[in-house]
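Undergrad: As input, take run.txt (compact mmCIF, C-alpha atoms):
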# COMPACT_ATOMS: atom_id res chain seq x y z
CA MET V 1 68.26 -94.64 3.82
CA ARG V 2 65.77 -92.40 5.54
CA LYS V 3 67.20 -89.43 3.70
CA LEU V 4 66.84 -91.20 0.35
CA GLY V 5 63.24 -92.11 1.14
CA SER V 6 62.28 -88.57 2.01
CA PHE V 7 64.05 -87.32 -1.10
CA LEU V 8 62.03 -89.68 -3.26
CA PHE V 9 58.85 -88.57 -1.50
CA LEU V 10 59.77 -84.95 -2.18
CA THR V 11 60.35 -85.68 -5.87
CA LEU V 12 56.98 -87.41 -6.07
CA ILE V 13 55.21 -84.42 -4.51
CA GLY V 14 57.06 -82.09 -6.87
CA LEU V 15 56.02 -84.12 -9.89
CA PHE V 16 52.38 -84.01 -8.86
CA LEU V 17 52.54 -80.27 -8.18
CA LEU V 18 54.15 -79.55 -11.54
CA LEU V 19 51.61 -81.67 -13.42
CA THR V 20 48.76 -79.88 -11.65
CA VAL V 21 50.22 -76.48 -12.36
CA LEU V 22 50.68 -77.25 -16.05
CA GLU V 23 46.99 -78.16 -16.30
CA MET V 24 45.95 -74.72 -15.05
CA PRO V 25 44.65 -72.08 -17.46
CA ILE V 26 47.21 -69.73 -18.97
CA MET V 27 48.26 -66.98 -16.57
CA GLY V 28 46.88 -63.52 -17.28
CA ASP V 29 44.13 -64.68 -19.64
CA PRO V 30 41.09 -62.38 -19.24
CA ALA V 31 38.80 -65.42 -19.64
CA ASN V 32 40.17 -67.14 -16.50
CA PRO V 33 37.57 -68.04 -13.87
CA SER V 34 39.41 -65.89 -11.34
CA ASN V 35 38.92 -62.86 -13.56
CA THR V 36 35.31 -63.39 -14.55
CA VAL V 37 33.25 -64.28 -11.47
CA THR V 38 33.32 -61.61 -8.77
CA THR V 39 36.14 -59.37 -9.91
CA PRO V 40 34.27 -57.26 -12.51
CA ARG V 41 31.85 -56.20 -9.83
CA TYR V 42 34.65 -55.19 -7.44
CA ILE V 43 36.37 -53.21 -10.18
CA SER V 44 33.31 -51.45 -11.61
CA GLU V 45 31.40 -50.75 -8.38
CA GLY V 46 34.04 -50.93 -5.65
CA ALA V 47 35.32 -47.38 -5.85
CA ARG V 48 31.82 -45.89 -5.92
CA GLU V 49 30.41 -48.06 -3.13
CA THR V 50 33.25 -47.64 -0.67
CA ASN V 51 34.76 -44.22 -1.55
CA CYS V 52 38.12 -45.97 -1.76
CA LYS V 53 40.17 -45.67 -4.93
CA ASN V 54 42.62 -48.28 -3.73
CA LEU V 55 40.64 -51.47 -4.31
CA VAL V 56 42.82 -53.59 -2.01
CA SER V 57 42.02 -51.28 0.90
CA ALA V 58 38.38 -51.17 -0.20
CA ILE V 59 38.08 -54.96 -0.06
CA MET V 60 40.02 -55.24 3.19
CA LEU V 61 38.15 -52.55 5.09
CA ASN V 62 34.66 -52.88 3.66
CA TYR V 63 33.75 -56.04 1.79
CA ARG V 64 35.90 -58.29 3.93
CA SER V 65 36.24 -56.33 7.15
CA TYR V 66 35.14 -59.39 9.11
CA ASP V 67 38.26 -61.23 7.88
CA THR V 68 40.42 -58.28 8.86
CA MET V 69 38.95 -58.35 12.34
CA GLY V 70 39.77 -62.04 12.61
CA GLU V 71 43.28 -61.28 11.51
CA MET V 72 43.74 -58.63 14.19
CA VAL V 73 42.50 -61.18 16.71
CA ALA V 74 45.12 -63.61 15.36
CA ILE V 75 47.90 -61.04 15.86
CA PHE V 76 46.62 -60.39 19.37
CA THR V 77 46.65 -64.13 20.10
CA VAL V 78 50.23 -64.42 18.85
CA LEU V 79 51.28 -61.65 21.21
CA ALA V 80 49.44 -63.30 24.11
CA ALA V 81 51.16 -66.62 23.40
CA ALA V 82 54.56 -64.93 23.19
CA LEU V 83 53.97 -63.20 26.50
CA ALA V 84 52.96 -66.51 28.06
CA ILE V 85 56.19 -68.15 26.85
CA LEU V 86 58.84 -65.52 27.50
CA GLY V 87 57.15 -62.63 29.33
CA ARG V 88 57.68 -58.89 29.05
CA GLU V 89 61.14 -57.43 28.72
CA LYS V 90 62.85 -55.75 31.65
CA ALA V 91 64.68 -52.51 31.15
CA LYS V 92 67.81 -52.98 33.22
CA ARG V 93 68.88 -56.55 32.65
CA GLY V 94 69.01 -56.46 28.85
CA LEU V 95 72.40 -56.72 27.18
CA SER V 96 72.84 -55.20 23.75
CA PRO V 97 74.37 -57.59 21.18
CA LEU V 98 76.35 -54.66 19.81
CA LYS V 99 79.79 -55.13 21.30
CA VAL V 100 80.95 -51.71 20.13
CA GLU V 101 79.36 -48.32 20.56
CA PRO V 102 78.03 -47.09 17.18
CA SER V 103 79.81 -44.04 15.85
CA PRO V 104 78.31 -40.58 16.48
CA LEU V 105 77.84 -40.20 12.74
CA ILE V 106 75.23 -42.98 12.69
CA LYS V 107 73.50 -41.64 15.78
CA ILE V 108 73.22 -38.08 14.47
CA THR V 109 72.06 -39.29 11.05
CA MET V 110 69.36 -41.41 12.63
CA VAL V 111 68.23 -38.56 14.86
CA ILE V 112 67.75 -36.47 11.72
CA TYR V 113 66.06 -39.25 9.75
CA ILE V 114 63.66 -40.72 12.29
CA PRO V 115 61.06 -37.88 12.11
CA PHE V 116 60.94 -38.28 8.33
CA PHE V 117 60.40 -42.02 8.69
CA ILE V 118 57.52 -41.40 11.07
CA VAL V 119 55.98 -38.84 8.71
CA PHE V 120 56.29 -41.35 5.86
CA ALA V 121 54.58 -44.02 7.98
CA CYS V 122 51.71 -41.65 8.79
CA TYR V 123 51.40 -40.65 5.12
CA VAL V 124 51.24 -44.26 3.96
CA ALA V 125 48.66 -45.17 6.62
CA ILE V 126 46.38 -42.15 6.20
CA ASN V 127 46.40 -42.14 2.39
CA GLY V 128 45.61 -45.85 2.24
CA CYS V 129 42.38 -45.21 0.35
CA TYR V 130 43.78 -42.89 -2.29
CA SER V 131 47.26 -44.12 -3.15
CA VAL V 132 49.56 -47.09 -2.89
CA GLY V 133 49.68 -47.96 0.77
CA GLY V 134 47.39 -48.81 3.63
CA GLY V 135 47.19 -49.27 7.34
CA PHE V 136 49.37 -52.37 7.51
CA GLN V 137 52.17 -50.87 5.46
CA GLY V 138 52.24 -47.74 7.59
CA GLY V 139 52.16 -49.86 10.73
CA VAL V 140 55.08 -52.03 9.73
CA ILE V 141 57.11 -48.94 8.74
CA LEU V 142 56.42 -47.59 12.24
CA ALA V 143 57.56 -50.91 13.73
CA SER V 144 60.75 -50.82 11.66
CA VAL V 145 61.45 -47.29 12.97
CA ILE V 146 61.22 -48.57 16.54
CA ILE V 147 63.45 -51.54 15.71
CA ILE V 148 66.07 -49.31 14.06
CA PHE V 149 66.04 -47.10 17.14
CA ALA V 150 66.56 -50.12 19.39
CA LEU V 151 69.40 -51.43 17.23
CA ILE V 152 71.32 -48.17 17.12
CA PHE V 153 70.77 -46.60 20.54
CA GLY V 154 70.76 -49.87 22.45
CA PHE V 155 67.98 -51.96 23.87
CA ASP V 156 67.85 -50.29 27.30
CA GLU V 157 67.37 -46.86 25.76
CA ALA V 158 64.53 -48.14 23.53
CA VAL V 159 62.80 -49.76 26.50
CA LYS V 160 63.12 -46.53 28.45
CA LYS V 161 61.78 -44.40 25.60
CA PHE V 162 58.94 -46.73 24.75
CA PRO V 163 58.05 -48.83 27.79
CA ALA V 164 55.50 -51.61 27.98
CA SER V 165 53.06 -49.41 29.89
CA LYS V 166 52.84 -47.13 26.85
CA ARG V 167 52.53 -49.96 24.36
CA VAL V 168 49.90 -52.05 26.09
CA PHE V 169 47.06 -49.69 25.16
CA PHE V 170 47.74 -49.90 21.42
CA GLU V 171 48.11 -53.66 21.31
CA GLY V 172 44.39 -54.29 21.66
CA LEU V 173 43.16 -51.10 20.04
CA ALA V 174 42.12 -52.41 16.62
CA VAL V 175 40.23 -55.41 17.96
CA LEU V 176 38.30 -53.15 20.32
CA TYR V 177 37.60 -50.65 17.57
CA PHE V 178 36.37 -53.32 15.17
CA MET V 179 34.04 -54.76 17.82
CA LEU V 180 32.67 -51.33 18.74
CA LEU V 181 32.04 -50.51 15.10
CA GLY V 182 30.30 -53.85 14.57
CA LEU V 183 28.08 -53.34 17.61
CA MET V 184 27.28 -49.81 16.44
CA SER V 185 26.09 -51.09 13.08
CA LEU V 186 24.00 -53.68 14.93
CA PHE V 187 22.30 -50.89 16.91
CA VAL V 188 21.64 -48.85 13.76
CA GLY V 189 19.76 -51.86 12.43
CA GLY V 190 21.97 -53.86 10.13
CA ASN V 191 24.33 -56.78 10.18
CA PHE V 192 27.57 -56.91 12.13
CA LEU V 193 30.16 -54.54 10.61
CA ASN V 194 27.86 -53.27 7.86
CA LEU V 195 29.32 -49.81 7.27
CA ASN V 196 26.92 -49.09 4.41
CA LEU V 197 24.27 -47.94 6.88
CA PHE V 198 26.15 -44.79 7.84
CA GLY V 199 26.23 -41.74 5.63
CA SER V 200 29.15 -41.07 3.35
CA PRO V 201 31.09 -38.55 5.53
CA VAL V 202 30.71 -40.62 8.71
CA ARG V 203 31.74 -43.67 6.79
CA LYS V 204 34.87 -41.95 5.49
CA LEU V 205 35.76 -41.03 9.06
CA PHE V 206 35.27 -44.62 10.23
CA THR V 207 37.40 -45.97 7.39
CA LEU V 208 40.18 -43.54 8.25
CA GLY V 209 39.92 -44.63 11.87
CA LEU V 210 40.16 -48.26 10.80
CA GLU V 211 43.31 -47.57 8.78
CA ILE V 212 44.98 -45.75 11.66
CA GLY V 213 43.86 -48.35 14.21
CA ILE V 214 45.07 -51.28 12.13
CA GLY V 215 48.37 -49.54 11.48
CA LEU V 216 49.01 -48.68 15.13
CA THR V 217 48.01 -52.09 16.40
CA SER V 218 49.97 -54.18 13.90
CA GLY V 219 53.03 -51.93 14.18
CA ILE V 220 53.14 -51.80 17.97
CA THR V 221 52.43 -55.53 18.22
CA ILE V 222 55.33 -56.37 15.90
CA ALA V 223 57.59 -54.03 17.89
CA SER V 224 56.48 -55.78 21.09
CA LEU V 225 57.29 -59.16 19.58
CA PHE V 226 60.76 -57.85 18.75
CA TYR V 227 61.21 -56.60 22.32
CA ILE V 228 60.13 -59.97 23.72
CA LEU V 229 62.52 -61.85 21.44
CA LYS V 230 65.38 -59.48 22.25
CA LYS V 231 64.94 -59.78 26.00
CA VAL V 232 68.02 -61.45 27.46
CA GLU V 233 67.38 -63.77 30.35
CA ARG V 234 70.91 -64.99 30.92
CA GLU V 235 73.15 -62.57 32.72
CA MET S 1 55.69 -61.98 -19.02
CA THR S 2 58.65 -59.75 -19.70
CA SER S 3 62.25 -60.91 -19.78
CA LEU S 4 62.89 -58.94 -16.58
CA THR S 5 60.35 -61.12 -14.77
CA VAL S 6 62.05 -64.28 -16.06
CA LEU S 7 65.42 -63.02 -14.82
CA LEU S 8 63.99 -62.12 -11.42
CA VAL S 9 62.34 -65.53 -11.07
CA LEU S 10 65.61 -67.29 -11.90
CA ALA S 11 67.38 -65.12 -9.30
CA LEU S 12 64.67 -66.06 -6.80
CA ILE S 13 65.20 -69.80 -7.27
CA THR S 14 69.00 -69.39 -7.08
CA LEU S 15 68.70 -67.40 -3.86
CA ALA S 16 66.38 -70.00 -2.33
CA ILE S 17 68.85 -72.79 -3.13
CA ILE S 18 71.70 -70.73 -1.63
CA ILE S 19 69.65 -70.11 1.53
CA VAL S 20 68.79 -73.76 2.03
CA SER S 21 72.26 -75.15 1.31
CA SER S 22 74.26 -72.54 3.24
CA ARG S 23 76.12 -73.77 6.32
CA ASP S 24 76.51 -70.36 7.96
CA MET S 25 73.25 -69.39 9.63
CA LEU S 26 73.91 -65.65 9.52
CA ALA S 27 74.68 -65.77 5.79
CA ALA S 28 71.43 -67.65 5.22
CA VAL S 29 69.52 -64.91 7.03
CA ILE S 30 71.17 -62.16 4.97
CA PHE S 31 70.39 -64.05 1.76
CA PHE S 32 66.84 -64.42 3.00
CA SER S 33 66.64 -60.64 3.22
CA ALA S 34 67.79 -60.38 -0.41
CA TYR S 35 65.24 -63.04 -1.34
CA GLY S 36 62.46 -60.90 0.11
CA LEU S 37 63.65 -57.91 -1.90
CA VAL S 38 63.66 -59.85 -5.19
CA MET S 39 60.26 -61.32 -4.34
CA ALA S 40 58.91 -57.79 -3.86
CA LEU S 41 60.25 -56.80 -7.29
CA VAL S 42 58.48 -59.79 -8.88
CA TRP S 43 55.22 -58.77 -7.21
CA GLN S 44 55.64 -55.25 -8.48
CA GLN S 45 56.03 -56.67 -12.00
CA LEU S 46 52.82 -58.66 -11.55
CA GLY S 47 50.80 -55.54 -10.69
CA ALA S 48 50.80 -55.56 -6.89
CA PRO S 49 52.76 -52.50 -5.68
CA MET S 50 50.86 -52.38 -2.36
CA LEU S 51 52.03 -55.87 -1.53
CA ALA S 52 55.55 -55.09 -2.74
CA LEU S 53 55.74 -52.19 -0.28
CA ALA S 54 54.58 -54.42 2.57
CA GLU S 55 56.89 -57.24 1.51
CA ILE S 56 60.00 -55.06 1.43
CA VAL S 57 59.37 -53.76 4.93
CA ILE S 58 58.21 -57.06 6.44
CA GLU S 59 60.26 -59.75 4.75
CA SER S 60 63.60 -58.06 4.24
CA GLY S 61 63.27 -55.67 7.16
CA ILE S 62 61.50 -56.94 10.23
CA ILE S 63 61.64 -60.72 9.78
CA SER S 64 65.36 -60.57 8.95
CA VAL S 65 66.06 -58.57 12.12
CA LEU S 66 64.04 -61.09 14.13
CA PHE S 67 66.05 -63.93 12.58
CA VAL S 68 69.35 -62.19 13.32
CA VAL S 69 68.35 -61.70 16.97
CA ALA S 70 67.30 -65.35 17.21
CA VAL S 71 70.55 -66.55 15.60
CA PHE S 72 72.57 -64.51 18.09
CA ARG S 73 70.60 -65.89 20.99
CA THR S 74 70.83 -69.53 19.91
CA SER S 75 74.46 -69.62 18.73
CA LYS S 76 76.55 -71.98 20.85
CA ASP S 77 79.89 -70.14 20.72
CA ASP S 78 78.74 -67.10 22.67
CA ALA S 79 81.93 -65.05 22.38
CA GLU S 80 81.85 -62.87 25.44
CA MET B 1 53.33 -77.67 -26.36
CA MET B 2 54.48 -78.57 -22.86
CA ILE B 3 57.38 -76.15 -23.17
CA THR B 4 55.15 -73.22 -24.16
CA ARG B 5 52.86 -74.10 -21.23
CA VAL B 6 55.82 -74.00 -18.86
CA PHE B 7 56.81 -70.62 -20.19
CA SER B 8 53.33 -69.07 -20.06
CA ASN B 9 52.76 -70.44 -16.54
CA LEU B 10 56.29 -69.67 -15.41
CA ILE B 11 55.15 -67.98 -12.20
CA TYR B 12 53.17 -71.04 -11.12
CA VAL B 13 56.06 -73.38 -11.91
CA ALA B 14 58.52 -71.14 -10.06
CA SER B 15 56.25 -70.94 -7.02
CA MET B 16 55.97 -74.73 -6.94
CA ILE B 17 59.78 -75.08 -7.17
CA LEU B 18 60.18 -72.58 -4.32
CA PHE B 19 57.59 -74.51 -2.32
CA LEU B 20 59.60 -77.70 -2.79
CA ILE B 21 62.83 -75.97 -1.74
CA GLY B 22 61.14 -74.69 1.40
CA PHE B 23 59.67 -78.13 2.06
CA TYR B 24 63.13 -79.68 1.71
CA ALA B 25 64.47 -77.23 4.29
CA VAL B 26 61.63 -78.02 6.69
CA ALA B 27 61.86 -81.78 6.29
CA LEU B 28 65.56 -82.53 5.95
CA ARG B 29 67.53 -79.77 7.69
CA PRO B 30 68.30 -80.37 11.36
CA ASN B 31 68.68 -76.73 12.41
CA LEU B 32 65.53 -75.14 13.85
CA ILE B 33 66.23 -71.67 12.43
CA LYS B 34 66.73 -73.25 9.00
CA LYS B 35 63.37 -74.94 9.35
CA ILE B 36 61.69 -71.62 10.15
CA ILE B 37 63.36 -70.02 7.12
CA GLY B 38 61.96 -72.93 5.10
CA ILE B 39 58.46 -72.22 6.40
CA ASN B 40 58.89 -68.61 5.33
CA ILE B 41 60.02 -69.61 1.84
CA MET B 42 56.97 -71.89 1.48
CA GLU B 43 54.73 -69.04 2.63
CA THR B 44 56.08 -66.51 0.14
CA SER B 45 55.89 -69.06 -2.66
CA ILE B 46 52.19 -69.52 -2.00
CA PHE B 47 51.74 -65.74 -1.98
CA LEU B 48 53.48 -65.62 -5.36
CA PHE B 49 51.09 -68.30 -6.62
CA LEU B 50 48.03 -66.34 -5.45
CA ILE B 51 49.26 -63.10 -7.01
CA GLY B 52 49.93 -64.99 -10.24
CA ILE B 53 46.33 -66.23 -10.23
CA GLY B 54 45.09 -62.67 -9.86
CA ASN B 55 47.25 -61.34 -12.67
CA ARG B 56 45.76 -60.15 -15.93
CA LYS B 57 47.62 -59.46 -19.15
CA GLY B 58 48.51 -55.75 -19.37
CA GLY B 59 46.53 -55.02 -16.24
CA ALA B 60 47.26 -51.97 -14.11
CA ALA B 61 47.59 -52.04 -10.34
CA PRO B 62 44.16 -51.97 -8.64
CA LEU B 63 44.13 -48.24 -8.03
CA ILE B 64 41.22 -46.65 -9.88
CA VAL B 65 42.36 -44.04 -12.41
CA ASP B 66 40.04 -42.36 -14.91
CA GLY B 67 40.24 -43.85 -18.38
CA VAL B 68 41.89 -47.16 -17.45
CA LYS B 69 39.67 -50.21 -17.86
CA ASN B 70 42.05 -53.17 -17.40
CA TYR B 71 42.97 -53.88 -13.78
CA VAL B 72 44.45 -56.94 -12.11
CA ASN B 73 42.29 -58.86 -9.65
CA PRO B 74 42.35 -57.09 -6.25
CA LEU B 75 40.83 -59.95 -4.23
CA PRO B 76 43.93 -62.23 -3.96
CA GLN B 77 46.01 -59.19 -3.13
CA ALA B 78 43.78 -58.32 -0.17
CA VAL B 79 43.97 -61.92 1.04
CA VAL B 80 47.76 -61.98 0.68
CA LEU B 81 48.12 -58.68 2.54
CA MET B 82 46.25 -60.17 5.50
CA ALA B 83 48.35 -63.33 5.36
CA LEU B 84 51.60 -61.32 5.29
CA VAL B 85 50.97 -59.72 8.65
CA VAL B 86 49.82 -62.99 10.19
CA GLY B 87 53.01 -64.51 8.75
CA VAL B 88 55.14 -62.06 10.74
CA GLY B 89 53.29 -63.09 13.88
CA THR B 90 53.71 -66.82 13.28
CA THR B 91 57.39 -66.41 12.42
CA ALA B 92 58.03 -64.40 15.57
CA LEU B 93 56.18 -66.99 17.67
CA ALA B 94 58.16 -69.83 16.10
CA LEU B 95 61.43 -68.00 16.79
CA ILE B 96 60.41 -67.36 20.38
CA LEU B 97 59.64 -71.06 20.81
CA ALA B 98 63.01 -71.98 19.29
CA VAL B 99 64.86 -69.59 21.63
CA LYS B 100 62.97 -70.98 24.62
CA LEU B 101 63.81 -74.53 23.58
CA PHE B 102 67.49 -73.65 23.20
CA GLU B 103 67.62 -72.07 26.65
CA ARG B 104 65.91 -75.08 28.19
CA GLU B 105 68.44 -77.42 26.59
CA GLU B 106 71.30 -75.29 27.82
CA GLU B 107 69.93 -75.32 31.36
CA GLU B 108 69.71 -79.10 31.31
CA GLN B 109 73.30 -79.43 30.15
CA LEU B 110 74.62 -77.37 33.07
Could I get this file's structure written as structure tokens?

TA:
Amino acid sequence: MRKLGSFLFLTLIGLFLLLTVLEMPIMGDPANPSNTVTTPRYISEGARETNCKNLVSAIMLNYRSYDTMGEMVAIFTVLAAALAILGREKAKRGLSPLKVEPSPLIKITMVIYIPFFIVFACYVAINGCYSVGGGFQGGVILASVIIIFALIFGFDEAVKKFPASKRVFFEGLAVLYFMLLGLMSLFVGGNFLNLNLFGSPVRKLFTLGLEIGIGLTSGITIASLFYILKKVERE
Amino acid sequence: MTSLTVLLVLALITLAIIIVSSRDMLAAVIFFSAYGLVMALVWQQLGAPMLALAEIVIESGIISVLFVVAVFRTSKDDAE
Amino acid sequence: MMITRVFSNLIYVASMILFLIGFYAVALRPNLIKKIIGINIMETSIFLFLIGIGNRKGGAAPLIVDGVKNYVNPLPQAVVLMALVVGVGTTALALILAVKLFEREEEEQL
């Protein structure tokens, strides 16, 4: 009975959603409100104002950098909550879920590949303003490299190679950098996080620093979350 | 709206139904990984390659690994 | 007329269907991991909806190239990119809570 009731409720919600969606303007029409209000300005002026050809990075790092800072704070809060619930991993007690030793073929292949993965991550993060990519994408590729390493060489080895004492610096890096940059623009005489006050070369440097900082922080934080989840408490 | 997009969207809905109705938790997680991949292809068709790159790495890479670890840790029959 | 509307707004309709499937998993499936997968499906469906709103017919990806005038809207994409990374964090936190809950239950059974 309860199942039937919730199913009916679900159908009702679906009907409303579909009716609403069918009332919306046709997708991809250039006359849509979403394409006429602020977007022309972003597209015509964005690249010149921010020196960023990739408009997504331009919006994220310049026009809406305050939102990005809030997001880094959110990631930081997630990590703090996870640490409060389960705590840091310990190197010795962890058991790998892999019951069998991976073959030497996989190990040697990964040893050859991992430097290329890291170079790709750096390329994606540093060229965020000029090509498809950005700090986040580079960061998550870095995190996936760490996770692959932990899956193939075992959890203990990954903890030994990349211990918590090395990671803890990067986990708060982007928040700190954002705050410092905001305070700096306050001292120069503008609003919080107004990068327009600095000259073009300095600004380019700051934007590059933001990309790298965001990438490192999000990547290392995600890797830390994986470590915390993987930590085995039961012996 | 090309026909490729229509096909991908249909595949997306099918995969979502398979994920939700599957009894085996590990199979659901693997299908979820495939779902993320197809979703990234749809986004690439809609003109968002930056998001597609992030989606492939996050959804079908990292989140799937996290789910697999969680499934292993919460499965009752811990064959040891 | 309705049928042509469904076809031209196919992305919106598909995202709503995906949202409902995710909602079904969250509401009616007993397994916690299944519920978290449902949350993820709802999340990606909303991202699909936002990207569909930002789409523009024949538009290129928002990467400025000389001579191209028609770009898709970059603003929803920036918002979605932020939400993606926060989504990883919330998913990991939910999984950690589920694992903790499972261990607590197991301790009580012993």

Undergrad: Which one of V:Val21, V:Leu193, V:Cys122, V:Leu15 sits closest to chain B if you count all atoms listed in the file?

TA: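 Checking each of V:Val21, V:Leu193, V:Cys122, V:Leu15 against chain B, counting all atoms listed in the file, the winner is V:Val21.
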
Undergrad: For each of B:Leu110, B:Leu93, B:Val80, B:Val6, take the minimum atom-to-atom distance to Thr44 in chain B, counting all atoms listed in the file, then give the residue where this is smallest.

TA: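 Ranked by minimum distance to Thr44 in chain B, first place goes to B:Val80.
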
Undergrad: Can you work out which residues from chain V touch chain S at a cut-off of 12 Å (counting all atoms listed in the file) and hand them back as a PyMOL selection string?

TA: chain V and resi 26-29+54-57+95-99+121+124-125+128-148+150-151+155+215+218-219+222-235

Undergrad: Hey, which bits of chain B sit within 8 Å of chain S, and for each residue what's the closest pair of atoms and how far apart in Å (one decimal), counting only C-alpha atoms, rows by chain and increasing number, as a tab-separated table?

TA:
residue	atom	partner	partner_atom	distance
B:Ser8	CA	S:Met1	CA	7.5
B:Leu10	CA	S:Val6	CA	7.9
B:Ile11	CA	S:Val9	CA	7.7
B:Ala14	CA	S:Val9	CA	6.9
B:Ile17	CA	S:Ile13	CA	7.6
B:Leu18	CA	S:Ile13	CA	6.5
B:Ile21	CA	S:Ile17	CA	6.9
B:Gly22	CA	S:Val20	CA	7.7
B:Ala25	CA	S:Val20	CA	6.0
B:Ile33	CA	S:Val71	CA	7.4
B:Lys34	CA	S:Val20	CA	7.3
B:Ile37	CA	S:Phe32	CA	7.8
B:Gly38	CA	S:Val20	CA	7.5
B:Ile41	CA	S:Ala16	CA	7.6
B:Leu48	CA	S:Trp43	CA	7.3
B:Ile51	CA	S:Leu46	CA	7.3
B:Gly52	CA	S:Leu46	CA	7.1
B:Asn55	CA	S:Leu46	CA	6.3
B:Gly59	CA	S:Gly47	CA	7.0
B:Ala60	CA	S:Gly47	CA	6.1
B:Ala61	CA	S:Gly47	CA	4.8
B:Pro62	CA	S:Ala48	CA	7.7
B:Val72	CA	S:Gly47	CA	6.7
B:Gln77	CA	S:Leu51	CA	7.1
B:Val80	CA	S:Leu51	CA	7.8
B:Leu81	CA	S:Leu51	CA	6.3
B:Leu84	CA	S:Glu55	CA	7.7
B:Val88	CA	S:Ile63	CA	6.7
B:Thr91	CA	S:Ile63	CA	7.6
B:Ala92	CA	S:Leu66	CA	7.0
B:Leu95	CA	S:Ala70	CA	6.5
B:Ile96	CA	S:Ala70	CA	7.8
B:Val99	CA	S:Thr74	CA	6.2
B:Phe102	CA	S:Thr74	CA	6.2
B:Glu103	CA	S:Thr74	CA	7.9

Undergrad: Go ahead and compute the interatomic distance for CA of Ile59 in chain V and CA of Tyr42 in chain V, in Å to one decimal.

TA: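 Computing the Euclidean distance for CA of Ile59 in chain V and CA of Tyr42 in chain V yields 8.1 Å.
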
Undergrad: So how many Å separate CA of Arg104 in chain B and CA of Phe76 in chain V, to one decimal?

TA: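 Atom-to-atom, CA of Arg104 in chain B and CA of Phe76 in chain V are spaced 25.8 Å apart.
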
Undergrad: Ranking V:Leu186, V:Tyr123, V:Gly46, V:Thr38 by minimum distance to Met60 in chain V and counting only C-alpha atoms, which one comes first?

TA: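 Comparing V:Leu186, V:Tyr123, V:Gly46, V:Thr38 against Met60 in chain V, the winner is V:Gly46.
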
Undergrad: Could you tell me which of V:Ser200, V:Ser185, V:Asn194, V:Thr221 comes closest to chain B if we count only C-alpha atoms?

TA: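 Among V:Ser200, V:Ser185, V:Asn194, V:Thr221, it is V:Thr221 that comes nearest to chain B.
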
Undergrad: In Å, rounded to a single decimal, give me how far CA of Ile106 in chain V is from CA of Val68 in chain S.

TA: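 Between these atoms lies a distance of 20.1 Å.
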
Undergrad: May I have the protein, DNA and RNA residues with any atom at most 6 Å from the point (39.5, -49.9, -12.5), counting only C-alpha atoms, written as a list in words?

TA: Ile43 of chain V; Ile64, Lys69 and Tyr71 of chain B

Undergrad: Dig up all the protein and nucleic acid residues within 8 Å of (45.2, -58.0, 22.4) in the file frame, using only C-alpha atoms, and format them as a PyMOL selection string.

TA: chain V and resi 73+75-77+79-80+171-173+175

Undergrad: Taking the block just given, write range 74-104 of chain B to a file that holds C-alpha atoms, as a short mmCIF file (atom, residue, chain, number, x, y, z; two decimals), in the first residue's frame.

TA:
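What ended up in out.cif:
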data_model
loop_
_atom_site.label_atom_id
_atom_site.label_comp_id
_atom_site.auth_asym_id
_atom_site.auth_seq_id
_atom_site.Cartn_x
_atom_site.Cartn_y
_atom_site.Cartn_z
CA PRO B 74 29.49 29.53 -21.01
CA LEU B 75 27.76 30.56 -17.77
CA PRO B 76 25.83 27.31 -17.03
CA GLN B 77 28.95 25.35 -17.88
CA ALA B 78 30.99 27.21 -15.28
CA VAL B 79 28.26 26.62 -12.70
CA VAL B 80 28.07 22.92 -13.57
CA LEU B 81 31.85 22.54 -13.35
CA MET B 82 31.76 23.88 -9.80
CA ALA B 83 28.86 21.61 -8.90
CA LEU B 84 30.65 18.55 -10.31
CA VAL B 85 33.55 18.83 -7.88
CA VAL B 86 31.25 19.54 -4.95
CA GLY B 87 29.27 16.47 -6.07
CA VAL B 88 32.34 14.27 -5.65
CA GLY B 89 32.75 15.60 -2.13
CA THR B 90 29.12 15.01 -1.15
CA THR B 91 29.14 11.52 -2.65
CA ALA B 92 32.32 10.60 -0.78
CA LEU B 93 30.87 11.97 2.47
CA ALA B 94 27.64 10.03 1.97
CA LEU B 95 29.60 6.83 1.32
CA ILE B 96 31.72 7.40 4.41
CA LEU B 97 28.56 7.85 6.48
CA ALA B 98 27.09 4.66 5.00
CA VAL B 99 30.25 2.69 5.80
CA LYS B 100 30.28 4.05 9.34
CA LEU B 101 26.63 3.12 9.79
CA PHE B 102 27.27 -0.41 8.53
CA GLU B 103 30.18 -0.89 10.91
CA ARG B 104 28.12 0.39 13.83
#
